[in-house]
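*Asks:* One structure follows; several queries about it will come next.
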Amino acid sequence: MSDLTAAQRIFILHWGEMGSRWGIGRTAAQIQALLYLSPAPMHAADIAAVLSVARSNVSISLRELQVWGLVKLSSVLGDRKDHFESLKDPLDIAMAVVRERRRREFDPTLNMLRIAVQEA
């Protein structure tokens, strides 16, 4: 994280802590925070270098963030590599987290309760 300002480092570390409370992996949340701060889409190798994490961890985390709907693929003119960018609107980020938590946690519980009521 050497190319980042102190404020950016604090934000990324804090976002990683918050993400882990929401059910997102810490490294994935840190990647999302970095992409949120980035003015341009970033390639996975650049993300790994800036955050000092393994490239394989970045790949897994980017897939997780795509499932959550927090990060999307982005094309960069003249570059064949996949680049990634984060949602930028805080409300969109919050809604993506709520949607995915609902899908993972609430929907299965509600479905189980419906089945239990039908059997009762």
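So you can find residues: chains in the structure tokens are A, B, ... in the order shown, residues in each start at 1, and ligands are numbered from 1 in order.
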Check chain A with DSSP on the backbone and list each residue it calls strand (DSSP E), as a list in words.

*Replies:*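 Filtering chain A to strand (DSSP E) leaves Met42, His43, Val71, Lys72, Leu73, Ser74, Ser75, Val76, Asp79, Arg80, Lys81, Asp82, His83, Phe84, Glu85 and Ser86 of chain A.
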
*Asks:* Excluding Ile31 (chain A) and any residue of its chain fewer than 3 positions from it, enumerate the residues within 12 Å of it, using only C-alpha atoms, and give them as JSON, numbers by chain.

*Replies:* {"A": [1, 9, 11, 12, 13, 14, 15, 16, 19, 24, 25, 26, 27, 28, 34, 35, 36, 37, 38, 41, 42, 43, 44, 45, 46, 47, 48, 49, 50, 51, 52, 53, 55, 57, 58, 59, 60, 61, 62, 63, 64, 65, 66, 70, 71, 84, 85, 86]}

*Asks:* Looking at A:Ala7, A:Arg80, A:Pro108, A:Trp68, which one is nearest to Asp92 (chain A), with distances taken over only C-alpha atoms?

*Replies:*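 Among the listed residues, the smallest separation from Asp92 (chain A) belongs to A:Trp68.
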
*Asks:* Which residues in chain A does DSSP call helix (DSSP H, G or I)? List them as a ChimeraX atom specification.

*Replies:* /A:6-22,26-37,44-51,55-68,90-119

*Asks:* Do you have the CA of Arg104 (chain A)-CA of Ser20 (chain A) distance handy?

*Replies:*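 Interatomic distance here is 14.9 Å.
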
*Asks:* Would you mind telling me which residue in A:Ala6, A:Glu119, A:Arg101, A:Ala40 lies nearest to His83 (chain A) when using only C-alpha atoms?

*Replies:*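 For His83 (chain A), the nearest of the given residues is A:Ala40.
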
*Asks:* Enter the distance from CA of Ser56 (chain A) to CA of Ser75 (chain A), in Å, rounded to one decimal.

*Replies:*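 One can read the CA of Ser56 (chain A) to CA of Ser75 (chain A) distance as 20.9 Å.
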
*Asks:* How many Å lie between CA of Gly69 (chain A) and CA of Thr5 (chain A), rounded to one decimal?

*Replies:*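 We find that CA of Gly69 (chain A) and CA of Thr5 (chain A) lie 27.0 Å from each other.
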